[in-house]
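Structure data follow from model_3.csv (CSV, C-alpha atoms and all ligand atoms):
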```
chain,number,residue,atom,x,y,z
A,747,MET,CA,168.2,74.8,-109.9
A,748,PRO,CA,165.2,76.1,-107.9
A,749,THR,CA,165.3,79.7,-106.9
A,750,ASN,CA,165.2,80.7,-103.3
A,751,SER,CA,161.6,81.8,-103.6
A,752,GLU,CA,160.7,78.4,-105.0
A,753,LYS,CA,162.5,76.7,-102.2
A,754,LEU,CA,160.6,78.8,-99.7
A,755,LYS,CA,157.2,77.9,-101.3
A,756,PHE,CA,158.1,74.2,-101.2
A,757,ALA,CA,159.1,74.5,-97.5
A,758,LYS,CA,155.8,76.1,-96.7
A,759,ILE,CA,153.9,73.3,-98.4
A,760,VAL,CA,155.9,70.7,-96.5
A,761,VAL,CA,155.0,72.5,-93.2
A,762,LYS,CA,151.4,72.7,-94.1
A,763,ASP,CA,151.3,69.0,-95.0
A,764,LYS,CA,152.9,68.1,-91.7
A,765,PHE,CA,150.4,70.2,-89.9
A,766,TYR,CA,147.6,68.4,-91.8
A,767,LYS,CA,148.9,65.0,-90.8
A,768,ILE,CA,148.8,66.0,-87.1
A,769,LYS,CA,145.3,67.3,-87.5
A,770,GLU,CA,144.3,64.1,-89.4
A,771,SER,CA,145.5,61.8,-86.6
A,772,TRP,CA,143.9,64.0,-83.9
A,773,GLN,CA,140.5,64.2,-85.7
A,774,THR,CA,140.6,60.5,-86.5
A,775,SER,CA,141.2,59.6,-82.9
A,776,LYS,CA,138.1,61.7,-81.9
A,777,SER,CA,135.9,60.4,-84.6
A,778,GLY,CA,133.4,57.5,-84.4
A,779,LYS,CA,131.0,56.9,-81.6
A,780,ASN,CA,128.5,59.6,-80.9
A,781,ALA,CA,126.7,59.6,-77.5
A,782,LEU,CA,124.7,56.3,-77.1
A,783,THR,CA,125.6,54.9,-80.5
A,784,LYS,CA,125.0,51.1,-80.3
A,785,ASP,CA,125.1,50.2,-84.0
A,786,PRO,CA,128.0,51.1,-86.3
A,787,ALA,CA,125.4,52.3,-88.8
A,788,TYR,CA,125.0,55.4,-86.6
A,789,ASN,CA,128.6,56.2,-85.9
A,790,ALA,CA,129.2,59.9,-86.4
A,791,ALA,CA,132.0,62.3,-86.8
A,792,ASN,CA,132.4,65.6,-85.0
A,793,PRO,CA,130.6,68.1,-87.3
A,794,LYS,CA,133.7,70.3,-87.3
A,795,HIS,CA,136.0,67.4,-88.3
A,796,PHE,CA,135.8,66.6,-92.0
A,797,ILE,CA,139.1,64.6,-92.3
A,798,PRO,CA,137.7,61.3,-90.9
A,799,MET,CA,135.2,61.3,-93.7
A,800,MET,CA,138.0,60.7,-96.2
A,801,ASP,CA,139.3,57.7,-94.2
A,802,LYS,CA,139.9,55.2,-97.1
A,803,GLU,CA,138.6,52.3,-95.0
A,804,ARG,CA,135.3,54.0,-94.4
A,805,TYR,CA,134.0,53.7,-97.9
A,806,GLY,CA,134.0,50.0,-97.8
A,807,GLU,CA,132.3,49.9,-94.4
A,808,ARG,CA,128.8,50.4,-95.7
A,809,SER,CA,126.0,48.7,-93.9
A,810,ASN,CA,123.0,47.4,-95.8
A,811,ALA,CA,120.5,48.6,-93.2
A,812,PHE,CA,119.0,51.4,-95.4
A,813,ASP,CA,119.4,49.9,-98.9
A,814,LYS,CA,115.7,49.1,-99.2
A,815,ILE,CA,114.5,52.5,-98.3
A,816,ILE,CA,117.2,54.1,-100.5
A,817,SER,CA,116.2,52.1,-103.6
A,818,ALA,CA,112.5,53.0,-103.0
A,819,THR,CA,113.2,56.7,-103.5
A,820,HIS,CA,112.9,56.4,-107.3
A,821,LYS,CA,109.5,54.9,-107.0
A,822,HIS,CA,108.0,57.8,-105.0
A,823,PHE,CA,109.9,60.6,-106.8
A,824,TRP,CA,107.8,63.7,-107.5
A,825,ASP,CA,108.5,67.3,-108.4
A,826,PRO,CA,106.4,70.1,-107.0
A,827,LEU,CA,107.4,72.3,-110.0
A,828,ASP,CA,106.1,69.9,-112.6
A,829,LYS,CA,102.3,70.1,-113.4
A,830,LYS,CA,102.3,66.4,-114.3
A,831,TYR,CA,102.4,65.8,-110.5
A,832,ILE,CA,100.6,68.8,-109.0
A,833,ASP,CA,99.2,72.1,-110.3
A,834,PHE,CA,99.3,74.9,-107.8
A,835,ASP,CA,97.4,77.2,-110.3
A,836,VAL,CA,94.1,75.4,-109.7
A,837,PRO,CA,92.1,78.0,-107.8
A,838,PHE,CA,90.2,77.6,-104.5
A,839,ASP,CA,87.4,80.0,-103.3
A,840,LEU,CA,88.9,80.9,-99.9
A,841,GLU,CA,86.2,83.6,-99.3
A,842,ASN,CA,83.3,81.2,-99.5
A,843,GLU,CA,84.7,77.8,-98.8
A,844,HIS,CA,86.3,76.2,-95.8
A,845,ILE,CA,89.7,74.8,-96.8
A,846,VAL,CA,89.3,72.2,-93.9
A,847,ASP,CA,86.2,71.1,-92.1
A,848,PRO,CA,85.7,73.6,-89.3
A,849,LYS,CA,84.3,70.8,-87.0
A,850,GLY,CA,87.6,69.1,-87.1
A,851,PRO,CA,90.6,69.7,-84.8
A,852,PHE,CA,91.9,72.7,-86.8
A,853,GLY,CA,89.0,75.1,-86.1
A,854,LEU,CA,88.7,75.0,-82.4
A,855,GLU,CA,87.9,78.7,-81.9
A,856,LEU,CA,84.6,78.4,-83.8
A,857,ASP,CA,83.4,76.0,-81.1
A,858,ILE,CA,83.4,78.9,-78.6
A,859,PRO,CA,79.9,80.4,-78.8
A,860,SER,CA,81.0,84.0,-77.8
A,861,VAL,CA,83.6,84.0,-80.6
A,862,ALA,CA,81.2,82.5,-83.2
A,863,GLU,CA,78.5,85.1,-82.3
A,864,LYS,CA,80.8,88.0,-83.1
A,865,LEU,CA,81.5,86.8,-86.6
A,866,THR,CA,79.5,86.8,-89.9
A,867,ASP,CA,79.4,83.6,-91.9
A,868,LYS,CA,82.2,84.9,-94.2
A,869,GLN,CA,84.3,85.9,-91.2
A,870,LYS,CA,83.9,82.4,-89.8
A,871,ILE,CA,85.2,81.0,-93.0
A,872,LYS,CA,88.1,83.5,-92.9
A,873,LEU,CA,89.0,82.6,-89.3
A,874,ASN,CA,89.0,78.9,-90.1
A,875,ASN,CA,91.0,79.3,-93.2
A,876,GLU,CA,93.5,81.7,-91.6
A,877,SER,CA,93.9,79.2,-88.6
A,878,PHE,CA,94.7,76.6,-91.2
A,879,ARG,CA,97.2,78.9,-92.9
A,880,PHE,CA,98.8,79.1,-89.5
A,881,VAL,CA,99.0,75.3,-89.2
A,882,LEU,CA,100.4,74.9,-92.7
A,883,SER,CA,103.0,77.7,-92.0
A,884,GLN,CA,104.1,75.7,-88.9
A,885,ILE,CA,104.3,72.6,-91.1
A,886,LEU,CA,106.5,74.6,-93.6
A,887,HIS,CA,108.9,75.6,-90.8
A,888,GLY,CA,108.8,71.9,-89.6
A,889,GLU,CA,109.8,70.9,-93.2
A,890,GLN,CA,112.7,73.3,-93.1
A,891,ALA,CA,113.8,71.9,-89.8
A,892,ALA,CA,113.6,68.4,-91.3
A,893,LEU,CA,115.7,69.5,-94.3
A,894,SER,CA,118.4,71.1,-92.1
A,895,LEU,CA,118.4,68.2,-89.7
A,896,SER,CA,118.8,65.5,-92.4
A,897,ALA,CA,121.5,67.6,-94.0
A,898,SER,CA,123.3,67.7,-90.6
A,899,LEU,CA,123.0,63.9,-90.2
A,900,CYS,CA,124.4,63.5,-93.8
A,901,HIS,CA,127.3,65.7,-92.7
A,902,VAL,CA,128.3,63.6,-89.7
A,903,LEU,CA,127.2,59.9,-90.2
A,904,ARG,CA,130.2,57.8,-91.0
A,905,ASP,CA,128.3,54.8,-92.6
A,906,PRO,CA,128.1,55.6,-96.4
A,907,GLY,CA,124.7,53.8,-96.5
A,908,ALA,CA,123.3,55.9,-93.7
A,909,GLN,CA,124.8,59.0,-95.4
A,910,GLU,CA,123.2,58.1,-98.7
A,911,TYR,CA,119.9,57.7,-97.0
A,912,ALA,CA,120.3,61.1,-95.2
A,913,ALA,CA,121.2,62.7,-98.5
A,914,ASN,CA,118.0,61.3,-100.1
A,915,GLN,CA,115.9,62.5,-97.2
A,916,THR,CA,117.4,66.0,-97.5
A,917,ARG,CA,116.4,66.1,-101.1
A,918,GLU,CA,112.9,64.9,-100.2
A,919,GLU,CA,112.5,67.5,-97.4
A,920,ALA,CA,113.7,70.2,-99.9
A,921,ARG,CA,110.8,69.3,-102.2
A,922,HIS,CA,108.4,69.5,-99.2
A,923,VAL,CA,109.7,73.0,-98.5
A,924,THR,CA,109.1,73.9,-102.1
A,925,GLY,CA,105.7,72.2,-102.2
A,926,PHE,CA,104.3,73.9,-99.1
A,927,THR,CA,105.8,77.2,-100.0
A,928,LYS,CA,104.1,77.0,-103.4
A,929,TYR,CA,100.8,76.0,-101.9
A,930,ILE,CA,100.8,78.8,-99.3
A,931,GLU,CA,101.8,81.3,-101.9
A,932,SER,CA,99.0,80.2,-104.2
A,933,ARG,CA,96.3,80.5,-101.5
A,934,TRP,CA,97.5,83.3,-99.2
A,935,GLY,CA,100.7,84.8,-100.7
A,936,SER,CA,103.0,84.2,-97.7
A,937,PRO,CA,103.3,82.0,-94.6
A,938,TYR,CA,103.0,83.1,-90.9
A,939,LYS,CA,106.1,83.2,-88.9
A,940,VAL,CA,107.2,80.2,-86.8
A,941,GLY,CA,105.5,80.0,-83.4
A,942,PRO,CA,107.8,80.1,-80.4
A,943,THR,CA,107.1,76.5,-79.3
A,944,LEU,CA,108.0,74.8,-82.6
A,945,GLY,CA,110.8,77.3,-83.2
A,946,ARG,CA,112.4,76.5,-79.9
A,947,VAL,CA,112.0,72.7,-80.1
A,948,ALA,CA,113.3,72.7,-83.8
A,949,ASP,CA,116.3,74.8,-82.9
A,950,ASP,CA,117.1,72.5,-80.0
A,951,ILE,CA,117.0,69.4,-82.1
A,952,VAL,CA,118.6,70.7,-85.3
A,953,SER,CA,121.5,72.4,-83.6
A,954,SER,CA,122.3,69.5,-81.3
A,955,ASP,CA,125.4,67.5,-82.1
A,956,VAL,CA,124.0,64.4,-80.5
A,957,VAL,CA,122.7,61.8,-83.0
A,958,TYR,CA,120.1,60.2,-80.7
A,959,LYS,CA,118.6,63.6,-79.9
A,960,LYS,CA,118.3,64.3,-83.6
A,961,ILE,CA,116.8,60.9,-84.4
A,962,VAL,CA,114.4,60.6,-81.5
A,963,GLY,CA,113.4,64.3,-81.7
A,964,MET,CA,113.0,64.5,-85.5
A,965,GLN,CA,112.7,61.1,-87.2
A,966,MET,CA,110.5,59.6,-84.5
A,967,MET,CA,108.6,62.4,-82.9
A,968,ILE,CA,108.3,65.3,-85.3
A,969,GLU,CA,108.1,63.0,-88.4
A,970,GLY,CA,105.4,60.9,-86.5
A,971,LEU,CA,103.6,64.1,-85.6
A,972,ALA,CA,103.7,65.2,-89.2
A,973,MET,CA,102.3,61.9,-90.4
A,974,GLY,CA,99.4,62.3,-88.0
A,975,ALA,CA,98.8,66.0,-88.9
A,976,PHE,CA,99.0,65.2,-92.7
A,977,ALA,CA,96.6,62.3,-92.3
A,978,MET,CA,94.1,64.5,-90.4
A,979,ALA,CA,94.3,67.3,-92.9
A,980,HIS,CA,94.0,64.9,-95.8
A,981,GLU,CA,90.8,63.6,-94.3
A,982,ASP,CA,89.4,67.1,-93.5
A,983,THR,CA,90.4,69.2,-96.5
A,984,ASN,CA,88.0,70.3,-99.3
A,985,ASP,CA,90.9,71.4,-101.6
A,986,PRO,CA,92.0,68.7,-104.1
A,987,VAL,CA,95.4,70.5,-104.6
A,988,LEU,CA,96.2,70.2,-100.9
A,989,LYS,CA,95.0,66.6,-100.8
A,990,THR,CA,97.5,65.8,-103.6
A,991,LEU,CA,100.3,67.7,-101.9
A,992,LEU,CA,99.7,65.9,-98.6
A,993,LYS,CA,99.5,62.5,-100.3
A,994,TYR,CA,102.8,62.9,-102.1
A,995,THR,CA,104.5,64.3,-99.0
A,996,MET,CA,103.2,61.4,-97.0
A,997,SER,CA,104.7,59.0,-99.5
A,998,ASP,CA,108.1,60.4,-98.6
A,999,GLU,CA,107.5,60.8,-94.9
A,1000,ALA,CA,106.5,57.2,-94.3
A,1001,PHE,CA,110.1,56.3,-95.3
A,1002,HIS,CA,111.6,58.9,-93.0
A,1003,HIS,CA,109.6,57.5,-90.1
A,1004,LYS,CA,111.0,54.0,-91.0
A,1005,PHE,CA,114.5,55.4,-90.7
A,1006,GLY,CA,113.7,56.4,-87.1
A,1007,LYS,CA,112.2,53.0,-86.5
A,1008,ILE,CA,115.3,51.2,-87.8
A,1009,TRP,CA,117.4,53.3,-85.4
A,1010,ALA,CA,115.2,52.3,-82.4
A,1011,ASP,CA,115.2,48.6,-83.3
A,1012,ARG,CA,119.0,48.6,-83.4
A,1013,THR,CA,119.6,50.9,-80.4
A,1014,VAL,CA,117.0,50.8,-77.7
A,1015,PRO,CA,117.4,47.1,-76.7
A,1016,LYS,CA,121.1,47.7,-76.2
A,1017,LEU,CA,120.9,50.8,-74.1
A,1018,SER,CA,122.1,50.5,-70.4
A,1019,GLU,CA,119.6,51.6,-67.8
A,1020,SER,CA,121.1,55.1,-67.4
A,1021,GLU,CA,121.3,55.6,-71.2
A,1022,HIS,CA,117.6,54.5,-71.6
A,1023,ILE,CA,116.7,57.1,-69.0
A,1024,LYS,CA,118.3,59.8,-71.1
A,1025,VAL,CA,116.4,58.8,-74.2
A,1026,GLU,CA,113.2,58.4,-72.4
A,1027,ASP,CA,113.5,61.7,-70.6
A,1028,TRP,CA,114.4,63.5,-73.9
A,1029,ALA,CA,111.3,62.1,-75.6
A,1030,GLU,CA,109.1,63.0,-72.6
A,1031,LYS,CA,110.4,66.6,-72.6
A,1032,ILE,CA,109.7,67.1,-76.3
A,1033,PHE,CA,106.3,65.5,-76.0
A,1034,THR,CA,105.2,67.7,-73.1
A,1035,GLU,CA,106.4,70.8,-74.8
A,1036,LEU,CA,104.7,70.1,-78.0
A,1037,LEU,CA,101.5,68.8,-76.6
A,1038,PHE,CA,100.1,71.9,-74.9
A,1039,ASN,CA,101.7,74.5,-76.9
A,1040,LEU,CA,100.7,73.4,-80.4
A,1041,ILE,CA,97.0,74.0,-79.6
A,1042,ASN,CA,97.3,77.0,-77.5
A,1043,PRO,CA,95.8,80.3,-78.7
A,1044,PHE,CA,98.7,82.5,-77.6
A,1045,GLU,CA,100.6,82.0,-80.8
A,1046,LYS,CA,97.8,83.0,-83.1
A,1047,LYS,CA,97.5,86.8,-82.5
A,1048,GLU,CA,97.7,87.7,-86.2
A,1049,VAL,CA,95.1,85.0,-87.1
A,1050,TYR,CA,92.5,86.6,-84.8
A,1051,ALA,CA,93.4,90.1,-85.9
A,1052,SER,CA,92.6,89.1,-89.5
A,1053,VAL,CA,88.9,89.0,-88.5
A,1054,GLY,CA,89.1,91.9,-86.1
A,1055,LEU,CA,89.2,89.9,-82.9
A,1056,ASP,CA,91.5,90.9,-80.0
A,1057,ALA,CA,93.9,88.1,-79.2
A,1058,LYS,CA,93.7,88.6,-75.5
A,1059,TRP,CA,89.9,88.4,-75.5
A,1060,VAL,CA,90.0,85.2,-77.6
A,1061,GLN,CA,92.5,83.7,-75.2
A,1062,GLN,CA,90.2,84.4,-72.2
A,1063,GLU,CA,87.2,83.0,-74.0
A,1064,PHE,CA,89.3,80.0,-75.1
A,1065,GLU,CA,90.2,79.3,-71.5
A,1066,LYS,CA,86.6,79.7,-70.3
A,1067,HIS,CA,85.1,77.4,-72.8
A,1068,ILE,CA,87.8,74.9,-73.9
A,1069,ASP,CA,89.5,72.6,-71.5
A,1070,GLN,CA,92.7,71.8,-73.3
A,1071,SER,CA,93.1,68.5,-71.5
A,1072,ASP,CA,89.6,67.4,-72.5
A,1073,VAL,CA,90.1,68.4,-76.1
A,1074,ILE,CA,93.4,66.5,-76.2
A,1075,LYS,CA,91.8,63.4,-74.6
A,1076,GLU,CA,88.8,63.5,-76.9
A,1077,GLU,CA,91.0,64.0,-80.0
A,1078,MET,CA,93.5,61.3,-78.9
A,1079,LYS,CA,90.7,58.7,-79.3
A,1080,LYS,CA,90.9,59.2,-83.0
A,1081,ASN,CA,93.3,57.0,-84.9
A,1082,ASN,CA,95.0,59.8,-86.8
A,1083,ASN,CA,95.4,62.1,-83.9
A,1084,ILE,CA,98.9,63.6,-84.1
A,1085,PHE,CA,99.8,63.0,-80.5
A,1086,ARG,CA,98.3,59.5,-80.4
A,1087,VAL,CA,100.6,58.6,-83.4
A,1088,LEU,CA,103.5,60.0,-81.5
A,1089,VAL,CA,102.8,58.1,-78.3
A,1090,LYS,CA,102.3,54.9,-80.3
A,1091,THR,CA,105.7,55.4,-82.0
A,1092,LEU,CA,107.5,55.8,-78.7
A,1093,LEU,CA,105.6,53.0,-77.1
A,1094,LYS,CA,106.3,50.5,-79.9
A,1095,ALA,CA,110.0,51.5,-79.9
A,1096,HIS,CA,110.1,50.7,-76.1
A,1097,ILE,CA,111.1,54.3,-75.3
A,1098,ILE,CA,108.2,54.6,-72.9
A,1099,THR,CA,108.5,52.5,-69.8
A,1100,ASP,CA,106.7,52.5,-66.4
A,1101,ARG,CA,108.9,55.5,-65.4
A,1102,THR,CA,107.2,57.9,-67.7
A,1103,LYS,CA,104.0,56.0,-68.7
A,1104,ALA,CA,101.8,58.3,-66.5
A,1105,THR,CA,102.7,61.4,-68.6
A,1106,TYR,CA,101.1,59.7,-71.6
A,1107,ALA,CA,98.4,57.6,-69.9
A,1108,GLU,CA,96.7,60.8,-68.9
A,1109,PHE,CA,95.7,61.3,-72.5
A,1110,VAL,CA,95.6,57.9,-74.1
A,1111,ASP,CA,94.8,54.3,-73.2
A,1112,MET,CA,98.2,52.8,-73.2
A,1113,ASP,CA,97.1,49.1,-73.1
A,1114,GLU,CA,94.8,49.7,-76.0
A,1115,LEU,CA,97.6,51.4,-77.9
A,1116,ASN,CA,100.0,48.6,-77.1
A,1117,ALA,CA,97.6,46.0,-78.5
A,1118,GLU,CA,97.5,47.7,-81.9
A,1119,ASP,CA,99.9,46.8,-84.6
A,1120,ASP,CA,102.7,49.3,-85.3
A,1121,THR,CA,101.6,50.6,-88.6
A,1122,VAL,CA,102.0,54.4,-88.6
A,1123,ALA,CA,98.9,56.6,-89.1
A,1124,GLY,CA,98.4,57.5,-92.7
A,1125,GLN,CA,100.4,54.5,-94.1
A,1126,ASP,CA,97.4,53.7,-96.4
A,1127,ILE,CA,97.4,57.2,-97.8
A,1128,ALA,CA,101.2,57.1,-98.3
A,1129,ASP,CA,100.8,53.7,-100.1
A,1130,GLU,CA,98.2,55.2,-102.4
A,1131,GLY,CA,100.6,58.1,-103.1
A,1132,VAL,CA,103.5,55.8,-104.0
A,1133,GLU,CA,101.2,53.8,-106.3
A,1134,ARG,CA,100.0,57.0,-108.1
A,1135,LEU,CA,103.6,58.3,-108.4
A,1136,SER,CA,105.0,55.1,-109.8
A,1137,VAL,CA,102.3,55.3,-112.6
A,1138,ILE,CA,103.2,59.0,-113.4
A,1139,ASN,CA,106.9,58.2,-113.3
A,1140,ALA,CA,106.5,55.1,-115.6
A,1141,LEU,CA,104.5,57.2,-118.1
A,1142,LYS,CA,107.2,60.0,-118.0
A,1143,LYS,CA,109.9,57.4,-118.7
A,1144,SER,CA,108.1,55.9,-121.7
A,1145,ALA,CA,107.2,59.4,-123.1
B,1201,FE,FE,109.1,66.4,-94.9
B,1202,FE,FE,110.4,64.0,-93.3
```
Once more with this new file: its structure as structure tokens, please.
Amino acid sequence: MPTNSEKLKFAKIVVKDKFYKIKESWQTSKSGKNALTKDPAYNAANPKHFIPMMDKERYGERSNAFDKIISATHKHFWDPLDKKYIDFDVPFDLENEHIVDPKGPFGLELDIPSVAEKLTDKQKIKLNNESFRFVLSQILHGEQAALSLSASLCHVLRDPGAQEYAANQTREEARHVTGFTKYIESRWGSPYKVGPTLGRVADDIVSSDVVYKKIVGMQMMIEGLAMGAFAMAHEDTNDPVLKTLLKYTMSDEAFHHKFGKIWADRTVPKLSESEHIKVEDWAEKIFTELLFNLINPFEKKEVYASVGLDAKWVQQEFEKHIDQSDVIKEEMKKNNNIFRVLVKTLLKAHIITDRTKATYAEFVDMDELNAEDDTVAGQDIADEGVERLSVINALKKSA
């Protein structure tokens, strides 16, 4: 015979189970379509509702949309902590050598005569290298945003295939965070803090519960921007360690970009006019915010201080000598330009229409862009990376 206390315990469990069942049917009724979801592969649960993830029917409802990019992950596997792939202990003479070509887009300040006149040759190298440390620090924060964002997608996507893809991307972004952290540590000790523009945009995208905002904002725009930035840095760097890090990272990023492209192919053509306006406006907002602020001198106070320059003075000289619009237009002509890559991604995905074309047309020839194929910038470098990684991985397996 059960004792009274045993009976009480049992009754409590029955009540808890009943409560769970009510919660289950309530959460299940709320789960499924996120804003603007047009393809079941992107159905998402409310991030605070876990019960619908255990729906027994869900496991069998796996789409094959991402199978190819999931299988490919083994081919481009790499480990930033394993010297067979990359050795961060190989030194670089930061005092006497430019880590990136100062004539490229990363060393704009040295083009200002009054700034250059104030600096010795060694200080010029220092300013250029510190500026690039700032760029790499922003890339590191961007990688953290991509890691948290893909983890958040993995948490809400209902399609087990989409979830497996997002889990893989999370793992890949985590190795990028490790890789860039190790590189910055080996060259400078620590990164700069996140600039307010990237910080704000990343916070907006990562903390949103809306799947399309996450995918357009991160997978298409920030990932596209990263591919452009990596391709430019890969071309301009004199440091073989950085070249390798960029190449391997790009081997992963090219696939992340593809995930965004698959979403666009399956979603954009099915959007109603008002839904299309929402997506188009969101993309335009992110583009405009990133465009001017990523090259502005207001975020680099500590960089200028490292060579004894006053940030306010540099900002004034910057404004006098450098027309940001002209720089952007000039740089946009180059194939690898980060914003050009971004505009091309949006244009090819039919996210830009005549409504917002003018915003982009100010900087880039839209007809010319439209006539190009839709290969993402840096795809050739990414392919080289995948090839090199498959050789290392095959050797490791046979060892
Ligand atoms: Fe990444
Ligand atoms: Fe990525």
Within 10 Å of ligand FE 1202 (chain B), counting all atoms listed in the file, which protein or nucleic acid residues do you find, written as a PyMOL selection string? chain A and resi 888-893+895-896+915-916+918-920+922+964-966+968-970+972-973+995-1003+1005
When you count only C-alpha atoms, which of these residues is closest to Val1060 (chain A): A:Pro851, A:Pro837, A:Gly945, A:Pro859?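 Going through A:Pro851, A:Pro837, A:Gly945, A:Pro859 one by one, the smallest distance to Val1060 (chain A) is for A:Pro859.
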Which residues, written as a PDB file with C-alpha atoms, keeping the file's coordinate frame, have at least one atom at most 6 Å from Leu903 (chain A), with all atoms listed in the file counted and residues fewer than 3 positions away on the same chain left out?
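Below you can see result-v2.pdb, which holds the result:
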```pdb
ATOM      1  CA  ASN A 789     128.600  56.200 -85.900  1.00  0.00           C
ATOM      2  CA  ALA A 790     129.200  59.900 -86.400  1.00  0.00           C
ATOM      3  CA  LEU A 899     123.000  63.900 -90.200  1.00  0.00           C
ATOM      4  CA  CYS A 900     124.400  63.500 -93.800  1.00  0.00           C
ATOM      5  CA  GLN A 909     124.800  59.000 -95.400  1.00  0.00           C
TER       6      GLN A 909
END
```
Of the candidates A:Ile768, A:Ala1010, A:Leu991, A:Ile832, which shows the shortest atom-to-atom distance to ligand FE 1201 (chain B), using all atoms listed in the file?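 Among the listed residues, A:Leu991 lies closest to ligand FE 1201 (chain B).
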8 Å contact set for region 958-962 of chain A, all atoms listed in the file, chain neighbours under 3 positions out, as a PyMOL selection string: chain A and resi 781-783+895+951-952+954-955+965-967+1006+1009+1025+1028-1029
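Separating CA of Asp905 (chain A) from CA of Ser953 (chain A) is a distance of 20.9 Å.
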Which is closer to ligand FE 1201 (chain B) than all the others in A:Lys1031, A:Thr924, A:Leu1141, A:Lys1058, using all atoms listed in the file?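 Of A:Lys1031, A:Thr924, A:Leu1141, A:Lys1058, the one nearest ligand FE 1201 (chain B), counting all atoms listed in the file, is A:Thr924.
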Name the closest residue to Ile1138 (chain A) among the candidates A:His820, A:His901, A:Lys814, A:Lys870; distances are taken between atoms, counting all atoms listed in the file. A:His820
Considering all atoms listed in the file, can you say which of A:Phe926, A:Tyr1050, A:Tyr911, A:Phe812 comes closest to Phe834 (chain A)?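 Comparing A:Phe926, A:Tyr1050, A:Tyr911, A:Phe812 against Phe834 (chain A), the winner is A:Phe926.
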A:Phe765, A:Leu854, A:Asn792, A:Arg921 ranked by distance to ligand FE 1201 (chain B), top pick (using only C-alpha atoms and all ligand atoms):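 Checking each candidate against ligand FE 1201 (chain B), we get A:Arg921 as the closest.
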Find the spatial neighbours of region 881-885 of chain A, counting only C-alpha atoms, within a cut-off of 12 Å - ignore same-chain residues fewer than 4 positions away - and output them as an NGL selection string. :A and (845-846 or 851-853 or 874-877 or 889-892 or 919 or 922-923 or 925-931 or 933-945 or 948 or 968-969 or 971-976 or 978-979 or 988 or 991-992 or 995 or 1040-1042 or 1045-1046 or 1049)
